[in-house]
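S.K.: Structure in structure tokens, see below.
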Amino acid sequence: MGLFLRALVRRRPIAAAALGALAAITLAALLAPVLGLPAPDRIDMAGRLAPPGPGHPLGTDNFGRDILSRVVYSGRVSLLIGCGVMAASTAAGTLVGLAAGYYRRVDAVAMRFLDGLMSFPAILLALALVAALGVGARNEIIAIALVYFPRTARIVRGSTLQLKQRAFVEAAVALGEGDGRILTVHILRNALTPLIVQSTFVFAEAILADAALSFLGLGVRPPTPTWGNMLDDAHIYLETAPWFVVFPGVAIVLTVLSLNLVGDALRDLADPYAVAARRGANFTAAGDARRGLPGPAQE
Amino acid sequence: MARYAAGRVLALVPVLAVVGVTVFLLIHLIPGDPASVILGSDASQAQVAQLRTALGLDRPLYVQFVFWFEHVLRGDLGSSIFLRQPVTRAIWDHLGPTASLTALAEALALAVAVPSGILAAWKRNTRFDQGFMMLVLLGVSIPSFWTGLNLIALFAVAVRLFPVAGYVSPLAGVGPWLASLILPAVALGFTQAGLVARMARDATIDVLAEDYIRTARSKGVREPRVLARHAFRNALIPTMTVVGTSLANLLSGAVVVETVFVLPGIGNLIVQSISRRDYPVIEGVVLFVALVYVVVNLGVDLLYAALDPRITY
């Protein structure tokens with residue numbers, strides 16, 4: 001970990017800054033009650049839609065509630081949903097991907113199933129699932145995870161297919177080790193890097209999906225603030241209080257951009273193939289796809 | 001080529017089967033009795049029973065599926081509970097704004113993304129390239145509906161250049177139609193441009209290292225011509241693929257952007273149907289959009305094979 005951080009700071013300073021931003025956002029969300037912020041649900045109708053200024057650094061909303069406090073508290077819900085989706089889709093994707101990559105019979109069925117699920121535009125399927133399951137954080141996590149786990153499964157399947165032909169896996173088979181041990185100790189452990197990289201991207205996608213669902217009134221409902229439902233409140237006041245719509249959005253973009261930057265850096269530091277491509281060597285993913293070669297794991 | 005096309009179409013059968021089963025099962029995910037959930041707490045027992053029969057929910061699951069599937073094959077997606085019209089009719093009525101919006105967003109994205117991607121590849125590892133990559137990443141990190149809200153604040157409220165919301169049919173005049181679509185299309189196109197531009201850059205980097213580029217340069221062909229004639233045309237093929245696969249992103253974004261700009265499109269239809277608990281419409285729209293996505297990608301794949309004579313099947 002220390003080694004990774006040093007490499008990150010030296011070789012990818014922007015990604016290191018993004019990691020710092022993520023840490024700050026997470027800490028602020030976790031420590032929100034002890035930061036000395038006004039309560040996020042304290043209504044002050046006399047001071048509604050006040051512009052940023054002393055007392056309210058980011059202004060107040062349509063109920064006179066402090067926007068800074070609400071943005072920070074929103075982070076608790078949005079990050080929780082992001083974590084939940086990441087955990088659920090990583091777990092499901094790993095199970096399905098390992099089984100599909102290792103057992104040929106599972107593969108044929110599982111891949112058709114995953115292809116089918118991936119034919120739905122993400123937000124649309126999540127919307128329909130929430131419409132059926134009902135709103136609430138738990139159902140939202142289930143819906144978004146169902147939409148994103150096929151991508152993780154495909155990546156794990158790809159790694160498993162490559163790894164199962166390696167000599168150390170054949171050796172383990174020859175030694176009579178059980179499938180469970182081979183899959184976890186020999187295959188999964190060696191497939192962790194692409195899996196972790198993919199998890200950061202799923203986290204980012206989940207934050208965006210949550211923002212869209214809450215904006216449409218299908219996420220966590222008010223009065224509990226989320227970045228998405230704050231934007232839903234704010235968009236009626238574009239004319240009178242334009243700052244209201246700015247800050248929840250900035251929080252979303254900062255979080256998602258940081259996650260994407262960290263994910264990209266992780267992938268490059270772990271995968272010299274991608275770095276060479278970035279430098280312009282003649283083996284990019286696009287070139288491999290054209291030549292019919294298996295490229296690095298990607299969507 | 002014909003064999004390849006037939007194979008590709010055949011491979012769609014299991015995918016479409018999964019799509020169909022998933023959509024069919026949606027209504028059965030509703031906790032409790034879907035008929036009473038749809039009608040709400042005010043409905044009488046008789047009304048609930050009537051709707052249950054109308055939706056076929058009183059029959060065994062496999063009978064329901066066969067019945068539903070037969071109708072879907074005939075192009076009958078059922079009837080809307082709220083709008084009291086066939087679902088296909090409702091989709092058709094809402095298709096115009098969504099088709100206009102996605103087409104314009106894609107056109108804007110391509111117009112910006114392809115040239116800038118090629119330029120970034122040509123100037124790779126310079127400041128320009130770094131700035132370009134940062135913009136690309138920003139594009140995929142911004143929710144398009146938030147871009148839309150900011151564009152409204154800037155170009156419809158602060159400077160009154162465009163309408164705040166609403167849709168004008170192209171039949172009422174091309175100018176007003178474009179004016180009603182430009183802000184939502186820019187909001188939606190920004191994300192799309194990010195996806196396409198990254199692929200255009202990667203593909204161009206790859207092409208620029210090919211022998212025929214070196215040959216062209218050593219013949220003394222000037223750099224703009226090398227880029228425009230030799231690199232651009234070859235880099236376009238992989239870029240086209242990403243246009244197909246990213247259509248899903250575009251349609252996803254359109255759902256939310258339509259709500260922001262109050263465009264009466266497919267996205268608006270599904271969001272309103274959700275609040276009305278009009279499940280036949282929700283199912284129909286999801287099925288329809290998934291079909292469009294699958295068919296467009298089939299088209300892109302076939303076009304890809306037809307455009308690149310080096311690809312043989």
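Here's how to read the names in the structure tokens: chain A, B, ... by the order shown, residue numbers from 1 in each chain, ligand numbers from 1 in the order shown.
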Would you mind listing what lies within 12 Å of A:Tyr148 as a VMD selection string, with only C-alpha atoms counted and same-chain residues fewer than 2 positions away left out?
M.R.: chain A and resid 82 85 to 93 114 to 115 117 to 123 125 to 126 141 to 146 150 to 155 198 to 199 201 to 206 209 299
S.K.: Would you mind exporting N, CA and C atoms of the selected residues as a short mmCIF file (atom, residue, chain, number, x, y, z; two decimals), in the first residue's frame?
M.R.:
```cif
data_model
loop_
_atom_site.label_atom_id
_atom_site.label_comp_id
_atom_site.auth_asym_id
_atom_site.auth_seq_id
_atom_site.Cartn_x
_atom_site.Cartn_y
_atom_site.Cartn_z
N GLY A 82 -23.25 3.89 -3.24
CA GLY A 82 -22.12 3.51 -4.10
C GLY A 82 -21.39 2.29 -3.56
N VAL A 85 -23.61 -0.89 -3.89
CA VAL A 85 -23.64 -1.38 -5.28
C VAL A 85 -22.31 -2.04 -5.61
N MET A 86 -21.22 -1.39 -5.20
CA MET A 86 -19.90 -1.93 -5.51
C MET A 86 -19.74 -3.32 -4.88
N ALA A 87 -20.13 -3.44 -3.60
CA ALA A 87 -19.98 -4.73 -2.91
C ALA A 87 -20.86 -5.79 -3.57
N ALA A 88 -22.12 -5.45 -3.82
CA ALA A 88 -23.05 -6.45 -4.36
C ALA A 88 -22.65 -6.86 -5.77
N SER A 89 -22.30 -5.87 -6.63
CA SER A 89 -22.02 -6.26 -8.00
C SER A 89 -20.66 -6.95 -8.10
N THR A 90 -19.72 -6.59 -7.21
CA THR A 90 -18.43 -7.28 -7.23
C THR A 90 -18.61 -8.73 -6.78
N ALA A 91 -19.41 -8.93 -5.73
CA ALA A 91 -19.64 -10.30 -5.24
C ALA A 91 -20.34 -11.14 -6.30
N ALA A 92 -21.44 -10.62 -6.84
CA ALA A 92 -22.19 -11.39 -7.84
C ALA A 92 -21.37 -11.58 -9.10
N GLY A 93 -20.68 -10.52 -9.54
CA GLY A 93 -19.88 -10.59 -10.75
C GLY A 93 -18.75 -11.59 -10.61
N LEU A 114 -25.85 -12.79 -19.48
CA LEU A 114 -25.20 -11.49 -19.27
C LEU A 114 -25.39 -10.58 -20.49
N ASP A 115 -25.24 -11.17 -21.70
CA ASP A 115 -25.44 -10.37 -22.91
C ASP A 115 -26.84 -9.78 -22.94
N LEU A 117 -28.80 -9.10 -20.35
CA LEU A 117 -28.93 -8.02 -19.36
C LEU A 117 -28.22 -6.76 -19.83
N MET A 118 -27.11 -6.93 -20.59
CA MET A 118 -26.36 -5.76 -21.02
C MET A 118 -26.99 -5.07 -22.22
N SER A 119 -28.08 -5.64 -22.75
CA SER A 119 -28.76 -4.96 -23.87
C SER A 119 -29.70 -3.87 -23.39
N PHE A 120 -29.88 -3.75 -22.09
CA PHE A 120 -30.75 -2.69 -21.57
C PHE A 120 -29.91 -1.46 -21.26
N PRO A 121 -30.33 -0.28 -21.70
CA PRO A 121 -29.65 0.92 -21.22
C PRO A 121 -29.73 0.97 -19.69
N ALA A 122 -28.58 1.27 -19.06
CA ALA A 122 -28.46 1.10 -17.62
C ALA A 122 -29.56 1.78 -16.82
N ILE A 123 -29.72 3.08 -17.03
CA ILE A 123 -30.66 3.84 -16.21
C ILE A 123 -32.08 3.34 -16.41
N LEU A 125 -33.17 0.29 -17.18
CA LEU A 125 -33.43 -0.96 -16.46
C LEU A 125 -33.52 -0.69 -14.96
N ALA A 126 -32.61 0.17 -14.46
CA ALA A 126 -32.63 0.48 -13.03
C ALA A 126 -33.96 1.15 -12.67
N ILE A 141 -30.07 -0.12 -4.33
CA ILE A 141 -28.79 -0.84 -4.44
C ILE A 141 -28.98 -2.11 -5.26
N ILE A 142 -30.07 -2.85 -4.99
CA ILE A 142 -30.33 -4.09 -5.74
C ILE A 142 -30.46 -3.78 -7.23
N ALA A 143 -31.26 -2.75 -7.55
CA ALA A 143 -31.52 -2.42 -8.95
C ALA A 143 -30.23 -2.02 -9.67
N ILE A 144 -29.44 -1.11 -9.07
CA ILE A 144 -28.23 -0.65 -9.76
C ILE A 144 -27.21 -1.78 -9.86
N ALA A 145 -27.11 -2.61 -8.80
CA ALA A 145 -26.14 -3.71 -8.83
C ALA A 145 -26.51 -4.71 -9.93
N LEU A 146 -27.82 -4.99 -10.09
CA LEU A 146 -28.25 -5.91 -11.15
C LEU A 146 -27.84 -5.39 -12.52
N PRO A 150 -23.10 -7.52 -14.62
CA PRO A 150 -22.64 -8.26 -15.80
C PRO A 150 -21.27 -7.82 -16.31
N ARG A 151 -20.99 -6.50 -16.21
CA ARG A 151 -19.69 -6.03 -16.68
C ARG A 151 -18.56 -6.63 -15.85
N THR A 152 -18.75 -6.63 -14.52
CA THR A 152 -17.75 -7.22 -13.64
C THR A 152 -17.60 -8.71 -13.95
N ALA A 153 -18.73 -9.39 -14.15
CA ALA A 153 -18.69 -10.83 -14.42
C ALA A 153 -17.87 -11.11 -15.68
N ARG A 154 -18.04 -10.28 -16.71
CA ARG A 154 -17.32 -10.52 -17.96
C ARG A 154 -15.82 -10.36 -17.76
N ILE A 155 -15.44 -9.36 -16.93
CA ILE A 155 -14.01 -9.14 -16.70
C ILE A 155 -13.41 -10.32 -15.93
N GLN A 198 -12.07 -2.47 -11.81
CA GLN A 198 -13.48 -2.46 -12.23
C GLN A 198 -14.38 -1.97 -11.10
N SER A 199 -14.07 -2.37 -9.86
CA SER A 199 -14.90 -1.95 -8.73
C SER A 199 -14.93 -0.44 -8.57
N PHE A 201 -14.66 1.69 -10.98
CA PHE A 201 -15.53 2.23 -12.02
C PHE A 201 -17.00 1.98 -11.71
N VAL A 202 -17.31 0.80 -11.13
CA VAL A 202 -18.70 0.52 -10.76
C VAL A 202 -19.15 1.51 -9.68
N PHE A 203 -18.26 1.81 -8.75
CA PHE A 203 -18.57 2.79 -7.71
C PHE A 203 -18.95 4.12 -8.37
N ALA A 204 -18.13 4.56 -9.32
CA ALA A 204 -18.39 5.83 -10.00
C ALA A 204 -19.74 5.78 -10.74
N GLU A 205 -19.97 4.69 -11.46
CA GLU A 205 -21.24 4.56 -12.20
C GLU A 205 -22.42 4.56 -11.24
N ALA A 206 -22.25 3.92 -10.09
CA ALA A 206 -23.34 3.83 -9.12
C ALA A 206 -23.70 5.21 -8.58
N ALA A 209 -25.68 6.84 -11.28
CA ALA A 209 -27.02 6.25 -11.40
C ALA A 209 -27.89 6.68 -10.23
N GLU A 299 -14.37 -3.01 -21.21
CA GLU A 299 -15.80 -3.20 -21.49
C GLU A 299 -16.03 -3.40 -22.97
#
```
S.K.: For A:Val250, work out the shell of residues within 10 Å, counting only C-alpha atoms and skipping chain neighbours fewer than 5 positions away, then give it as a tab-separated table (two decimals) with C-alpha atoms, in the first residue's frame.
M.R.:
```tsv
chain	number	residue	atom	x	y	z
A	71	VAL	CA	-24.27	18.48	0.62
A	227	TRP	CA	-27.10	14.84	-4.15
A	245	VAL	CA	-28.12	23.80	-8.39
A	255	THR	CA	-16.53	12.26	-6.46
A	256	VAL	CA	-17.04	10.55	-9.82
B	142	ILE	CA	-20.61	14.70	-15.29
B	146	TRP	CA	-26.65	18.49	-14.36
```
S.K.: Could you give me the residues within stretch 54-254 of chain B that DSSP places in alpha helix (DSSP H), as JSON, numbers by chain?
M.R.: {"B": [54, 55, 61, 62, 63, 64, 65, 66, 67, 68, 69, 70, 71, 72, 73, 87, 88, 89, 90, 91, 92, 93, 94, 95, 96, 97, 98, 99, 100, 101, 102, 103, 104, 105, 106, 107, 108, 109, 110, 111, 112, 113, 114, 115, 116, 117, 118, 119, 120, 121, 122, 127, 128, 129, 130, 131, 132, 133, 134, 135, 136, 137, 138, 139, 140, 141, 144, 145, 146, 147, 148, 149, 150, 151, 152, 174, 175, 176, 177, 178, 179, 180, 181, 182, 183, 184, 185, 186, 187, 188, 189, 190, 191, 192, 193, 194, 195, 196, 197, 198, 199, 200, 201, 202, 203, 204, 205, 206, 207, 208, 211, 212, 213, 214, 215, 216, 217, 218, 223, 224, 225, 232, 233, 234, 235, 236, 237, 238, 239, 240, 241, 242, 243, 244, 245, 247, 248, 249, 250, 251, 252, 253, 254]}
S.K.: Find the residue from B:Tyr304, B:Phe128, B:Tyr293, B:Phe190 that sits nearest to B:Val15; use only C-alpha atoms when measuring.
M.R.: B:Tyr293
S.K.: Contacts of A:Leu49 at 6 Å or less, counting only C-alpha atoms, minus same-chain residues fewer than 6 places along, as a list in words?
M.R.: Thr60, Asp61 and Asn62 of chain A
S.K.: Do you know which residues are at most 9 Å from stretch 214-221 of chain A counting only C-alpha atoms, after dropping those on the same chain fewer than 2 positions away, and could you put them as a list in words?
M.R.: Val77, Leu127, Val130, Ala131, Gly134, Val135, Gly136, Ala137, Asn139, Glu140, Ala209, Asp210, Ala211, Ala212, Pro223, Thr224, Pro225, Thr226, Trp227, Gly228, Asn229, Met230, Leu231, Asp232 and Asp233 of chain A; Phe145, Val256, Thr259 and Val271 of chain B
S.K.: Write the residues you've just listed into a file as a compact mmCIF listing (two decimals), in the first residue's frame, and include N, CA and C atoms for each of them.
M.R.:
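out_27.txt, written as the output of this step:
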```
# COMPACT_ATOMS: atom_id res chain seq x y z
N VAL A 77 -25.43 9.24 2.25
CA VAL A 77 -26.37 8.37 1.54
C VAL A 77 -25.77 7.93 0.20
N LEU A 127 -34.42 2.06 -13.53
CA LEU A 127 -35.71 2.73 -13.31
C LEU A 127 -36.84 1.72 -13.22
N VAL A 130 -36.62 -0.35 -10.03
CA VAL A 130 -37.06 0.39 -8.84
C VAL A 130 -38.58 0.56 -8.87
N ALA A 131 -39.12 0.79 -10.08
CA ALA A 131 -40.58 0.95 -10.21
C ALA A 131 -41.29 -0.31 -9.72
N GLY A 134 -40.07 -0.97 -5.68
CA GLY A 134 -40.42 0.09 -4.74
C GLY A 134 -39.19 0.90 -4.39
N VAL A 135 -39.38 2.19 -4.01
CA VAL A 135 -38.24 3.06 -3.74
C VAL A 135 -37.64 2.74 -2.37
N GLY A 136 -36.44 3.26 -2.14
CA GLY A 136 -35.73 3.01 -0.89
C GLY A 136 -34.31 2.60 -1.18
N ALA A 137 -33.41 2.85 -0.21
CA ALA A 137 -31.98 2.63 -0.45
C ALA A 137 -31.69 1.17 -0.82
N ASN A 139 -33.62 -1.25 -2.18
CA ASN A 139 -34.06 -1.62 -3.52
C ASN A 139 -33.24 -0.91 -4.60
N GLU A 140 -32.81 0.32 -4.28
CA GLU A 140 -32.00 1.05 -5.24
C GLU A 140 -30.66 0.34 -5.45
N ALA A 209 -25.68 6.84 -11.28
CA ALA A 209 -27.02 6.25 -11.40
C ALA A 209 -27.89 6.68 -10.23
N ASP A 210 -27.30 6.71 -9.03
CA ASP A 210 -28.06 7.14 -7.86
C ASP A 210 -28.51 8.59 -8.03
N ALA A 211 -27.60 9.43 -8.56
CA ALA A 211 -27.95 10.84 -8.76
C ALA A 211 -29.15 10.94 -9.71
N ALA A 212 -29.11 10.16 -10.80
CA ALA A 212 -30.20 10.22 -11.78
C ALA A 212 -31.51 9.72 -11.16
N PRO A 223 -37.27 13.83 3.40
CA PRO A 223 -36.30 14.88 3.73
C PRO A 223 -34.85 14.40 3.83
N THR A 224 -34.57 13.09 3.76
CA THR A 224 -33.17 12.66 3.77
C THR A 224 -32.50 13.21 2.51
N PRO A 225 -31.44 14.04 2.68
CA PRO A 225 -30.86 14.64 1.48
C PRO A 225 -29.95 13.66 0.73
N THR A 226 -30.04 13.66 -0.60
CA THR A 226 -29.03 13.02 -1.44
C THR A 226 -28.66 14.06 -2.49
N TRP A 227 -27.50 13.85 -3.15
CA TRP A 227 -27.10 14.84 -4.15
C TRP A 227 -28.15 14.94 -5.25
N GLY A 228 -28.71 13.80 -5.62
CA GLY A 228 -29.71 13.80 -6.68
C GLY A 228 -31.00 14.49 -6.28
N ASN A 229 -31.53 14.19 -5.08
CA ASN A 229 -32.81 14.83 -4.74
C ASN A 229 -32.64 16.31 -4.39
N MET A 230 -31.41 16.72 -3.99
CA MET A 230 -31.16 18.16 -3.83
C MET A 230 -31.28 18.86 -5.18
N LEU A 231 -30.73 18.22 -6.22
CA LEU A 231 -30.82 18.82 -7.57
C LEU A 231 -32.27 18.89 -8.03
N ASP A 232 -33.05 17.88 -7.63
CA ASP A 232 -34.48 17.88 -7.98
C ASP A 232 -35.17 19.09 -7.34
N ASP A 233 -34.84 19.33 -6.04
CA ASP A 233 -35.39 20.51 -5.36
C ASP A 233 -34.92 21.80 -6.05
N PHE B 145 -27.74 15.39 -16.93
CA PHE B 145 -28.86 16.24 -16.53
C PHE B 145 -28.36 17.47 -15.76
N VAL B 256 -33.23 11.07 -18.53
CA VAL B 256 -33.17 12.10 -17.49
C VAL B 256 -33.17 13.50 -18.09
N THR B 259 -36.51 14.82 -18.95
CA THR B 259 -37.24 15.29 -17.79
C THR B 259 -36.85 16.72 -17.45
N VAL B 271 -40.96 7.84 -17.21
CA VAL B 271 -40.94 8.45 -15.87
C VAL B 271 -42.36 8.72 -15.40
```
S.K.: Could you tell me which of B:Leu183, B:Ile118, B:Ala17, B:Leu236 comes closest to chain A if we count only C-alpha atoms?
M.R.: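 The answer is B:Ala17, which sits nearest to chain A.
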S.K.: So that I can see what lies close to stretch 50-54 of chain A, please list as a VMD selection string the residues with an atom at most 8 Å from it, counting only C-alpha atoms and leaving out residues fewer than 4 positions away in the same chain.
M.R.: chain A and resid 58 to 61 64 241 243
S.K.: Would you export the selected residues with N, CA and C atoms as a PDB file, in the first residue's frame, please?
M.R.:
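Once everything was written out, this is selection_16.pdb:
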```pdb
ATOM      1  N   LEU A  58     -22.376  28.139   1.456  1.00  0.00           N
ATOM      2  CA  LEU A  58     -22.893  27.785   0.130  1.00  0.00           C
ATOM      3  C   LEU A  58     -24.341  28.249  -0.045  1.00  0.00           C
ATOM      4  N   GLY A  59     -24.820  29.086   0.873  1.00  0.00           N
ATOM      5  CA  GLY A  59     -26.190  29.578   0.763  1.00  0.00           C
ATOM      6  C   GLY A  59     -27.200  28.641   1.412  1.00  0.00           C
ATOM      7  N   THR A  60     -28.498  28.968   1.221  1.00  0.00           N
ATOM      8  CA  THR A  60     -29.551  28.130   1.793  1.00  0.00           C
ATOM      9  C   THR A  60     -30.521  27.698   0.699  1.00  0.00           C
ATOM     10  N   ASP A  61     -31.306  26.646   1.010  1.00  0.00           N
ATOM     11  CA  ASP A  61     -32.221  26.111  -0.005  1.00  0.00           C
ATOM     12  C   ASP A  61     -33.631  26.686   0.158  1.00  0.00           C
ATOM     13  N   GLY A  64     -34.710  27.245   3.587  1.00  0.00           N
ATOM     14  CA  GLY A  64     -33.758  27.948   4.435  1.00  0.00           C
ATOM     15  C   GLY A  64     -32.755  27.021   5.102  1.00  0.00           C
ATOM     16  N   ALA A 241     -32.305  31.306  -7.577  1.00  0.00           N
ATOM     17  CA  ALA A 241     -31.178  30.873  -6.752  1.00  0.00           C
ATOM     18  C   ALA A 241     -30.269  29.926  -7.534  1.00  0.00           C
ATOM     19  N   TRP A 243     -27.196  29.319  -7.480  1.00  0.00           N
ATOM     20  CA  TRP A 243     -26.137  28.608  -6.741  1.00  0.00           C
ATOM     21  C   TRP A 243     -26.647  27.294  -6.162  1.00  0.00           C
TER      22      TRP A 243
END
```
S.K.: Would you mind telling me which residue in A:Leu257, A:Ala270, A:Met111, A:Val156 lies nearest to chain B when using only C-alpha atoms?
M.R.: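 Closest candidate: A:Leu257.
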S.K.: Please identify all polymer residues within 12 Å of B:Leu149, counting only C-alpha atoms, omitting same-chain residues fewer than 5 positions from it, and present them as a PyMOL selection string.
M.R.: (chain A and resi 215+231-232+234-239+242-246+248-249) or (chain B and resi 142-144+154-157+164-165+183-184+186-188+256-262)
S.K.: Between B:Val242, B:Val72, B:Val300, B:Val286, which residue has the minimum interatomic distance to chain A, considering only C-alpha atoms?
M.R.: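 Between B:Val242, B:Val72, B:Val300, B:Val286, the residue approaching chain A most closely is B:Val286.
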